[in-house]
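Enquirer: Please find one structure pasted underneath; my questions will follow.
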Amino acid sequence: MGEMEELRKEAESLKDQITAARKTVQDTTLQEAAAGITAVGRVQLKTRKTLRGHLAKIYAMHWGADSTLCVSASQDGKLIVWDSITTNKVNAIPLKSSWVMTCAYAPSGNLVACGGLDNMCSIYNLKGKDGNVKVMRELAAHTGYLSCCRFLSDTEIITSSGDCTCVLWDIETGTEKTIFAGHLGDCMSLAVSPDFKFFISGACDFTAKLWDIREAQCRQTFSGHESDINAIGFFPNGNAVITGSDDATCKLYDLRADQELNTYQDSSIMCGVTSLAPSVSGRLLLAGYDDFNVNIWDTLKSERVGVLAGHDNRVSCIGVSSDGMACCTGSWDSFLKIWN
Amino acid sequence: MDELDLPQMKKEVESLKYQLAFKREKSSKTVTDLVKWIEDGVPEDPFLNPELMKSNPWVEKGKCILL
């Protein structure tokens with residue numbers, strides 16, 4: 001009993017020291033630094049395409065690196081790879097388990113991955129010899145649902161799980177390379193840094209953690225949210241993190257100064273944030289909410305500058321293509337929409 | 001949320017020590033850099049510059065397309 005109590009005291013003391021260290025470097029705020037900047041005018045994006053084909057709720061989507069193809073996952077038990085410009089379905093992959101919660105496109109374009117209540121991450125090879133798309137690997141070890149997955153390359157993938165851990169996998173051998181433990185609640189979302197050296201995870205313990213992939217350590221923990229973090233993303237330059245939560249707010253955290261910089265909220269918004277994506281310059285934050293809309297925020301002035309209204313149910317996923325030209329939203333209404 | 005057992009608590013303390021050791025930079029530098037980076041990128045952001053969307057691949061130019 002004594003040792004536990006001592007460790008608890010030590011943990012509290014360390015947390016206080018971290019808070020103090022953060023205060024020491026806080027010699028300005030985002031509001032002050034952005035005071036002289038003109039607010040962005042009204043941003044109006046139109047639906048350019050509607051991708052129809054799924055027969056049930058869409059839970060996840062991810063753009064391919066070419067900014068044309070994207071993959072979506074639905075609880076109709078299918079993974080669909082779309083040509084977003086022609087709206088053609090390039091691949092329609094039937095899944096063993098229909099309870100899918102996440103999907104990912106490898107940067108190479110060769111592989112896609114998905115997983116969900118089966119606790120596994122299944123890797124599919126899109127470029128197989130005979131043209132058929134087959135399961136290449138089933139990564140099984142998590143003891144909870146797979147909430148998110150992101151490829152580092154064709155040989156490595158990171159997953160986040162309801163078992164409160166994230167894992168770095170070796171796809172060739174199908175084994176766990178590193179387990180990232182530390183969250184006290186279900187890990188709901190993850191994002192990889194632009195330089196592939198770090199990843200961030202958002203969890204039901206209301207915190208976001210930045211992990212050094214090779215050091216296998218949690219480098220920073222960000223608190224502030226008052227409920228589960230459902231969505232997380234890196235700022236395009238890799239120096240900031242954006243989170244979206246059931247507390248109806250999005251927050252911006254500065255990685256270099258280890259500070260919370262801003263909260264994006266409005267008294268009229270009372271429902272959870274499900275998904276988010278920054279625009280290519282980082283000036284806009286597009287966030288999907290439970291109330292069927294996407295709100296567009298001016299990240300520097302904290303004002304809502306636009307709304308994407310068009311779905312008939314919750315917006316569950318959102319992504320901005322890497323060239324910044326288009327935004328894709330996926331919804332429980334079974335459709336994906338391309339906006340710009 | 002889970003309660004930690006002894007080995008997990010030890011790991012948590014180790015992790016907090018590692019996190020405390022992080023070299024924090026002054027906000028006046030980092031936030032200014034962030035704001036500048038964003039402002040530099042705004043002219044190239046298609047969502048903020050309609051001229052960049054002139055040749056928008058998702059908008060059909062004519063009524064017919066060549067198959």
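Numbering starts fresh at 1 for the residues of each chain in the structure tokens, the chains themselves are lettered A, B, ... in the order given, and ligands are numbered from 1 as they appear.
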Please determine the contact residues of chain A with respect to chain B at a cut-off of 7 Å, counting only C-alpha atoms, and supply them as a ChimeraX atom specification.

Expert: /A:4,7,10-11,14,18,25-28,30,33-34,48,85,182,184-185,205,218-220,256-258,280-283,324-325,340

Enquirer: Run DSSP on the backbone of this structure and report the residues of segment 158-330 of chain A it assigns to strand (DSSP E or B), as a short mmCIF file (atom, residue, chain, number, x, y, z; two decimals) with N, CA, C and O atoms, in the first residue's frame.

Expert:
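Final output, saved to result_17.cif:
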data_model
loop_
_atom_site.label_atom_id
_atom_site.label_comp_id
_atom_site.auth_asym_id
_atom_site.auth_seq_id
_atom_site.Cartn_x
_atom_site.Cartn_y
_atom_site.Cartn_z
N ILE A 158 0.20 1.68 -37.86
CA ILE A 158 -0.09 1.96 -36.45
C ILE A 158 -1.60 1.85 -36.24
O ILE A 158 -2.38 2.32 -37.08
N THR A 159 -1.99 1.21 -35.15
CA THR A 159 -3.42 1.05 -34.84
C THR A 159 -3.71 1.63 -33.46
O THR A 159 -2.84 1.67 -32.60
N SER A 160 -4.97 2.06 -33.26
CA SER A 160 -5.40 2.50 -31.94
C SER A 160 -6.61 1.64 -31.57
O SER A 160 -7.37 1.22 -32.45
N SER A 161 -6.78 1.38 -30.27
CA SER A 161 -7.81 0.41 -29.89
C SER A 161 -8.58 0.79 -28.63
O SER A 161 -8.12 1.55 -27.78
N THR A 165 -4.63 0.93 -25.86
CA THR A 165 -3.26 1.00 -26.37
C THR A 165 -3.25 1.32 -27.86
O THR A 165 -4.25 1.21 -28.55
N CYS A 166 -2.06 1.73 -28.32
CA CYS A 166 -1.81 1.85 -29.76
C CYS A 166 -0.66 0.89 -30.05
O CYS A 166 0.15 0.61 -29.16
N VAL A 167 -0.62 0.38 -31.26
CA VAL A 167 0.42 -0.60 -31.60
C VAL A 167 1.04 -0.28 -32.95
O VAL A 167 0.34 0.11 -33.89
N LEU A 168 2.37 -0.44 -33.02
CA LEU A 168 3.09 -0.35 -34.30
C LEU A 168 3.32 -1.78 -34.75
O LEU A 168 3.89 -2.59 -34.01
N TRP A 169 2.84 -2.12 -35.95
CA TRP A 169 2.94 -3.49 -36.46
C TRP A 169 3.94 -3.61 -37.59
O TRP A 169 4.09 -2.69 -38.40
N ASP A 170 4.56 -4.79 -37.67
CA ASP A 170 5.33 -5.18 -38.85
C ASP A 170 4.37 -5.97 -39.72
O ASP A 170 3.92 -7.06 -39.33
N THR A 175 3.38 -9.12 -36.82
CA THR A 175 3.60 -9.06 -35.37
C THR A 175 3.67 -7.62 -34.85
O THR A 175 3.90 -6.69 -35.61
N GLU A 176 3.48 -7.50 -33.52
CA GLU A 176 3.55 -6.20 -32.87
C GLU A 176 5.01 -5.81 -32.68
O GLU A 176 5.78 -6.58 -32.11
N LYS A 177 5.40 -4.61 -33.17
CA LYS A 177 6.78 -4.16 -32.98
C LYS A 177 6.87 -3.40 -31.66
O LYS A 177 7.81 -3.54 -30.89
N THR A 178 5.87 -2.53 -31.46
CA THR A 178 5.87 -1.68 -30.26
C THR A 178 4.44 -1.50 -29.77
O THR A 178 3.54 -1.33 -30.57
N ILE A 179 4.29 -1.56 -28.44
CA ILE A 179 2.97 -1.27 -27.84
C ILE A 179 3.09 0.06 -27.11
O ILE A 179 4.02 0.25 -26.31
N PHE A 180 2.20 0.98 -27.42
CA PHE A 180 2.21 2.29 -26.78
C PHE A 180 1.09 2.31 -25.75
O PHE A 180 -0.08 2.47 -26.09
N ALA A 181 1.45 2.12 -24.48
CA ALA A 181 0.45 2.09 -23.42
C ALA A 181 0.59 3.33 -22.55
O ALA A 181 1.70 3.85 -22.38
N CYS A 187 -8.68 4.30 -26.79
CA CYS A 187 -8.06 5.17 -27.79
C CYS A 187 -9.02 5.24 -28.96
O CYS A 187 -9.45 4.20 -29.49
N MET A 188 -9.40 6.45 -29.35
CA MET A 188 -10.43 6.60 -30.36
C MET A 188 -9.91 6.98 -31.73
O MET A 188 -10.56 6.73 -32.74
N SER A 189 -8.74 7.62 -31.76
CA SER A 189 -8.27 8.16 -33.04
C SER A 189 -6.77 8.36 -33.01
O SER A 189 -6.20 8.55 -31.94
N LEU A 190 -6.13 8.30 -34.18
CA LEU A 190 -4.70 8.57 -34.22
C LEU A 190 -4.36 9.29 -35.53
O LEU A 190 -5.12 9.24 -36.50
N ALA A 191 -3.22 9.98 -35.52
CA ALA A 191 -2.75 10.65 -36.73
C ALA A 191 -1.22 10.60 -36.72
O ALA A 191 -0.61 10.68 -35.66
N VAL A 192 -0.63 10.46 -37.91
CA VAL A 192 0.83 10.36 -38.02
C VAL A 192 1.39 11.71 -38.46
O VAL A 192 0.78 12.40 -39.27
N PHE A 198 6.48 10.79 -35.52
CA PHE A 198 5.62 10.81 -34.35
C PHE A 198 4.19 10.45 -34.73
O PHE A 198 3.81 10.53 -35.90
N PHE A 199 3.40 10.07 -33.74
CA PHE A 199 1.97 9.99 -33.98
C PHE A 199 1.27 10.49 -32.73
O PHE A 199 1.86 10.53 -31.64
N ILE A 200 0.02 10.93 -32.90
CA ILE A 200 -0.75 11.39 -31.76
C ILE A 200 -1.99 10.54 -31.63
O ILE A 200 -2.53 10.06 -32.63
N SER A 201 -2.44 10.34 -30.40
CA SER A 201 -3.63 9.54 -30.14
C SER A 201 -4.58 10.35 -29.26
O SER A 201 -4.13 11.08 -28.37
N GLY A 202 -5.88 10.22 -29.53
CA GLY A 202 -6.90 10.88 -28.72
C GLY A 202 -7.72 9.78 -28.05
O GLY A 202 -8.03 8.78 -28.70
N ALA A 203 -8.07 9.97 -26.77
CA ALA A 203 -8.72 8.87 -26.07
C ALA A 203 -9.90 9.30 -25.19
O ALA A 203 -10.17 10.49 -25.02
N ALA A 208 -4.87 13.82 -25.15
CA ALA A 208 -4.21 13.47 -26.41
C ALA A 208 -2.75 13.24 -26.05
O ALA A 208 -2.19 13.95 -25.21
N LYS A 209 -2.14 12.21 -26.63
CA LYS A 209 -0.73 11.93 -26.33
C LYS A 209 0.08 11.94 -27.61
O LYS A 209 -0.36 11.40 -28.64
N LEU A 210 1.27 12.56 -27.53
CA LEU A 210 2.19 12.55 -28.67
C LEU A 210 3.22 11.47 -28.39
O LEU A 210 3.85 11.47 -27.33
N TRP A 211 3.41 10.54 -29.34
CA TRP A 211 4.32 9.42 -29.14
C TRP A 211 5.49 9.51 -30.11
O TRP A 211 5.30 9.79 -31.29
N ASP A 212 6.70 9.26 -29.61
CA ASP A 212 7.88 9.16 -30.46
C ASP A 212 7.91 7.69 -30.91
O ASP A 212 8.03 6.79 -30.08
N GLN A 217 8.13 6.12 -26.71
CA GLN A 217 7.74 6.84 -25.50
C GLN A 217 6.65 7.86 -25.78
O GLN A 217 6.58 8.39 -26.88
N CYS A 218 5.89 8.16 -24.72
CA CYS A 218 4.94 9.26 -24.82
C CYS A 218 5.74 10.51 -24.50
O CYS A 218 6.28 10.64 -23.39
N ARG A 219 5.85 11.45 -25.44
CA ARG A 219 6.66 12.64 -25.21
C ARG A 219 5.87 13.75 -24.54
O ARG A 219 6.42 14.54 -23.77
N GLN A 220 4.59 13.84 -24.90
CA GLN A 220 3.76 14.92 -24.35
C GLN A 220 2.33 14.43 -24.19
O GLN A 220 1.86 13.62 -24.99
N THR A 221 1.65 14.95 -23.14
CA THR A 221 0.23 14.65 -22.93
C THR A 221 -0.53 15.95 -22.85
O THR A 221 -0.09 16.88 -22.15
N PHE A 222 -1.62 16.07 -23.59
CA PHE A 222 -2.40 17.30 -23.62
C PHE A 222 -3.78 17.07 -23.02
O PHE A 222 -4.52 16.20 -23.44
N ILE A 229 -12.16 12.34 -26.55
CA ILE A 229 -11.63 12.90 -27.78
C ILE A 229 -11.92 11.89 -28.88
O ILE A 229 -11.48 10.74 -28.80
N ASN A 230 -12.71 12.29 -29.88
CA ASN A 230 -13.08 11.37 -30.95
C ASN A 230 -12.22 11.50 -32.19
O ASN A 230 -12.12 10.57 -32.98
N ALA A 231 -11.66 12.70 -32.36
CA ALA A 231 -10.93 12.96 -33.59
C ALA A 231 -9.65 13.71 -33.30
O ALA A 231 -9.60 14.52 -32.37
N ILE A 232 -8.64 13.43 -34.07
CA ILE A 232 -7.36 14.09 -33.85
C ILE A 232 -6.63 14.23 -35.18
O ILE A 232 -6.79 13.40 -36.07
N GLY A 233 -5.85 15.31 -35.30
CA GLY A 233 -5.12 15.50 -36.55
C GLY A 233 -3.89 16.35 -36.31
O GLY A 233 -3.85 17.13 -35.36
N PHE A 234 -2.89 16.19 -37.16
CA PHE A 234 -1.72 17.04 -37.10
C PHE A 234 -1.99 18.28 -37.93
O PHE A 234 -2.65 18.22 -38.96
N ALA A 240 1.71 21.43 -34.61
CA ALA A 240 0.54 21.60 -33.75
C ALA A 240 -0.41 20.42 -33.96
O ALA A 240 -0.34 19.72 -34.97
N VAL A 241 -1.28 20.25 -32.97
CA VAL A 241 -2.23 19.14 -32.98
C VAL A 241 -3.62 19.71 -32.81
O VAL A 241 -3.82 20.65 -32.05
N ILE A 242 -4.59 19.15 -33.52
CA ILE A 242 -5.98 19.57 -33.36
C ILE A 242 -6.78 18.38 -32.87
O ILE A 242 -6.60 17.26 -33.36
N THR A 243 -7.66 18.61 -31.90
CA THR A 243 -8.49 17.53 -31.36
C THR A 243 -9.96 17.92 -31.46
O THR A 243 -10.29 19.10 -31.43
N GLY A 244 -10.84 16.91 -31.53
CA GLY A 244 -12.27 17.16 -31.56
C GLY A 244 -12.90 16.23 -30.52
O GLY A 244 -12.52 15.06 -30.43
N SER A 245 -13.86 16.76 -29.75
CA SER A 245 -14.34 15.99 -28.60
C SER A 245 -15.85 15.95 -28.47
O SER A 245 -16.56 16.77 -29.06
N CYS A 250 -13.36 21.87 -30.39
CA CYS A 250 -12.09 21.43 -30.98
C CYS A 250 -11.02 22.25 -30.27
O CYS A 250 -11.30 23.38 -29.84
N LYS A 251 -9.84 21.69 -30.11
CA LYS A 251 -8.76 22.44 -29.46
C LYS A 251 -7.50 22.35 -30.30
O LYS A 251 -7.26 21.36 -31.00
N LEU A 252 -6.70 23.42 -30.23
CA LEU A 252 -5.42 23.48 -30.94
C LEU A 252 -4.32 23.46 -29.89
O LEU A 252 -4.35 24.25 -28.93
N TYR A 253 -3.36 22.56 -30.02
CA TYR A 253 -2.25 22.45 -29.08
C TYR A 253 -0.94 22.69 -29.80
O TYR A 253 -0.70 22.17 -30.89
N ASP A 254 -0.07 23.49 -29.20
CA ASP A 254 1.25 23.81 -29.75
C ASP A 254 2.25 22.76 -29.24
O ASP A 254 2.44 22.62 -28.03
N GLN A 259 1.71 23.64 -25.19
CA GLN A 259 0.60 24.42 -24.64
C GLN A 259 -0.69 24.21 -25.39
O GLN A 259 -0.67 23.96 -26.59
N GLU A 260 -1.80 24.43 -24.69
CA GLU A 260 -3.08 24.53 -25.39
C GLU A 260 -3.16 25.95 -25.93
O GLU A 260 -2.89 26.91 -25.20
N LEU A 261 -3.43 26.11 -27.21
CA LEU A 261 -3.44 27.44 -27.81
C LEU A 261 -4.84 28.03 -27.98
O LEU A 261 -5.03 29.23 -27.90
N ASN A 262 -5.81 27.19 -28.28
CA ASN A 262 -7.12 27.72 -28.64
C ASN A 262 -8.22 26.68 -28.52
O ASN A 262 -7.94 25.47 -28.62
N THR A 263 -9.43 27.17 -28.30
CA THR A 263 -10.61 26.30 -28.30
C THR A 263 -11.59 26.84 -29.32
O THR A 263 -11.83 28.05 -29.39
N TYR A 264 -12.13 25.96 -30.13
CA TYR A 264 -13.10 26.36 -31.16
C TYR A 264 -14.46 25.88 -30.69
O TYR A 264 -14.74 24.68 -30.68
N VAL A 273 -18.04 16.44 -31.55
CA VAL A 273 -17.27 16.48 -32.79
C VAL A 273 -16.88 15.06 -33.12
O VAL A 273 -16.39 14.33 -32.27
N THR A 274 -17.12 14.64 -34.35
CA THR A 274 -16.84 13.26 -34.73
C THR A 274 -15.56 13.11 -35.54
O THR A 274 -14.95 12.05 -35.56
N SER A 275 -15.18 14.20 -36.23
CA SER A 275 -14.09 14.09 -37.19
C SER A 275 -13.56 15.47 -37.49
O SER A 275 -14.26 16.47 -37.28
N LEU A 276 -12.33 15.57 -37.96
CA LEU A 276 -11.80 16.88 -38.32
C LEU A 276 -10.68 16.77 -39.34
O LEU A 276 -10.06 15.70 -39.49
N ALA A 277 -10.45 17.88 -40.05
CA ALA A 277 -9.33 17.94 -40.98
C ALA A 277 -8.99 19.40 -41.20
O ALA A 277 -9.89 20.24 -41.37
N PRO A 278 -7.70 19.76 -41.17
CA PRO A 278 -7.32 21.13 -41.47
C PRO A 278 -7.21 21.31 -42.99
O PRO A 278 -6.98 20.35 -43.71
N LEU A 284 -7.86 27.03 -42.10
CA LEU A 284 -9.22 26.56 -41.85
C LEU A 284 -9.21 25.21 -41.17
O LEU A 284 -8.36 24.36 -41.46
N LEU A 285 -10.18 25.02 -40.27
CA LEU A 285 -10.37 23.73 -39.63
C LEU A 285 -11.77 23.28 -39.99
O LEU A 285 -12.74 23.98 -39.70
N LEU A 286 -11.88 22.13 -40.66
CA LEU A 286 -13.19 21.59 -41.00
C LEU A 286 -13.49 20.48 -39.99
O LEU A 286 -12.70 19.56 -39.83
N ALA A 287 -14.62 20.59 -39.30
CA ALA A 287 -14.95 19.60 -38.28
C ALA A 287 -16.36 19.08 -38.46
O ALA A 287 -17.30 19.87 -38.67
N GLY A 288 -16.51 17.77 -38.40
CA GLY A 288 -17.82 17.12 -38.55
C GLY A 288 -18.45 16.93 -37.18
O GLY A 288 -17.75 16.63 -36.20
N TYR A 289 -19.76 17.13 -37.09
CA TYR A 289 -20.46 17.05 -35.82
C TYR A 289 -21.61 16.06 -35.86
O TYR A 289 -22.06 15.66 -36.93
N ASN A 293 -23.85 18.35 -39.54
CA ASN A 293 -23.12 19.40 -40.26
C ASN A 293 -21.61 19.32 -40.11
O ASN A 293 -21.10 18.63 -39.23
N VAL A 294 -20.94 20.06 -40.99
CA VAL A 294 -19.51 20.29 -40.86
C VAL A 294 -19.37 21.79 -40.64
O VAL A 294 -19.93 22.58 -41.40
N ASN A 295 -18.68 22.19 -39.58
CA ASN A 295 -18.42 23.61 -39.36
C ASN A 295 -17.00 23.92 -39.79
O ASN A 295 -16.09 23.12 -39.58
N ILE A 296 -16.84 25.08 -40.45
CA ILE A 296 -15.51 25.49 -40.88
C ILE A 296 -15.07 26.64 -39.99
O ILE A 296 -15.77 27.65 -39.86
N TRP A 297 -13.93 26.47 -39.32
CA TRP A 297 -13.42 27.47 -38.38
C TRP A 297 -12.19 28.18 -38.94
O TRP A 297 -11.36 27.55 -39.61
N ASP A 298 -12.07 29.46 -38.63
CA ASP A 298 -10.85 30.21 -38.92
C ASP A 298 -9.93 29.91 -37.74
O ASP A 298 -10.21 30.33 -36.62
N ARG A 304 -16.42 30.88 -36.62
CA ARG A 304 -16.99 29.93 -37.57
C ARG A 304 -17.20 30.71 -38.86
O ARG A 304 -17.86 31.75 -38.85
N VAL A 305 -16.59 30.24 -39.95
CA VAL A 305 -16.68 30.98 -41.21
C VAL A 305 -17.44 30.24 -42.29
O VAL A 305 -17.57 30.73 -43.42
N GLY A 306 -17.95 29.08 -41.97
CA GLY A 306 -18.71 28.36 -42.99
C GLY A 306 -19.34 27.10 -42.42
O GLY A 306 -18.96 26.65 -41.33
N VAL A 307 -20.29 26.58 -43.16
CA VAL A 307 -20.96 25.33 -42.79
C VAL A 307 -21.13 24.48 -44.04
O VAL A 307 -21.45 25.02 -45.10
N LEU A 308 -20.90 23.19 -43.92
CA LEU A 308 -21.20 22.28 -45.03
C LEU A 308 -22.42 21.50 -44.58
O LEU A 308 -22.35 20.66 -43.69
N ALA A 309 -23.56 21.86 -45.17
CA ALA A 309 -24.79 21.18 -44.80
C ALA A 309 -25.26 20.40 -46.02
O ALA A 309 -25.35 20.95 -47.11
N VAL A 315 -22.22 13.27 -39.60
CA VAL A 315 -21.00 13.22 -40.41
C VAL A 315 -19.99 12.46 -39.56
O VAL A 315 -19.63 12.88 -38.47
N SER A 316 -19.58 11.29 -40.03
CA SER A 316 -18.71 10.43 -39.23
C SER A 316 -17.24 10.57 -39.56
O SER A 316 -16.38 10.23 -38.75
N CYS A 317 -16.95 11.07 -40.77
CA CYS A 317 -15.55 11.16 -41.17
C CYS A 317 -15.36 12.29 -42.17
O CYS A 317 -16.29 12.65 -42.89
N ILE A 318 -14.17 12.84 -42.19
CA ILE A 318 -13.88 13.95 -43.09
C ILE A 318 -12.40 13.90 -43.44
O ILE A 318 -11.58 13.44 -42.64
N GLY A 319 -12.06 14.33 -44.66
CA GLY A 319 -10.66 14.36 -45.03
C GLY A 319 -10.44 15.41 -46.09
O GLY A 319 -11.30 15.60 -46.95
N VAL A 320 -9.29 16.08 -46.02
CA VAL A 320 -8.92 17.03 -47.07
C VAL A 320 -7.82 16.37 -47.88
O VAL A 320 -6.87 15.81 -47.31
N CYS A 327 -12.44 18.44 -50.20
CA CYS A 327 -12.75 17.88 -48.89
C CYS A 327 -13.77 16.77 -49.13
O CYS A 327 -14.69 16.93 -49.94
N CYS A 328 -13.60 15.64 -48.46
CA CYS A 328 -14.56 14.55 -48.58
C CYS A 328 -15.19 14.32 -47.23
O CYS A 328 -14.50 14.27 -46.21
N THR A 329 -16.53 14.20 -47.20
CA THR A 329 -17.22 13.89 -45.95
C THR A 329 -17.94 12.56 -46.12
O THR A 329 -18.44 12.25 -47.20
N GLY A 330 -17.98 11.78 -45.04
CA GLY A 330 -18.71 10.52 -45.08
C GLY A 330 -19.72 10.56 -43.96
O GLY A 330 -19.48 11.15 -42.90
#

Enquirer: Write down as a VMD selection string the residues belonging to chain B that are assigned alpha helix (DSSP H) by DSSP computed on the backbone.

Expert: chain B and resid 6 to 20 27 to 41

Enquirer: Just to confirm, what's the straight-line distance from atom CA of Lys15 of chain A to atom CA of Phe206 of chain A in Å (one decimal)?

Expert: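 Straight-line distance from atom CA of Lys15 of chain A to atom CA of Phe206 of chain A works out to 15.7 Å.
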
Enquirer: Just give me the gap between atom CA of Asp291 of chain A and atom CA of Gly272 of chain A in Å, one decimal is fine.

Expert: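 The value is 8.2 Å.
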
Enquirer: Which polymer residues have any atom within 7 Å of an atom of Thr143 of chain A, counting only C-alpha atoms, with same-chain residues fewer than 2 positions away left out, as a PyMOL selection string?

Expert: chain A and resi 119+141+163

Enquirer: What is the atom CA of Ile80 of chain A to atom CA of Phe335 of chain A distance in Å?

Expert: 11.8 Å
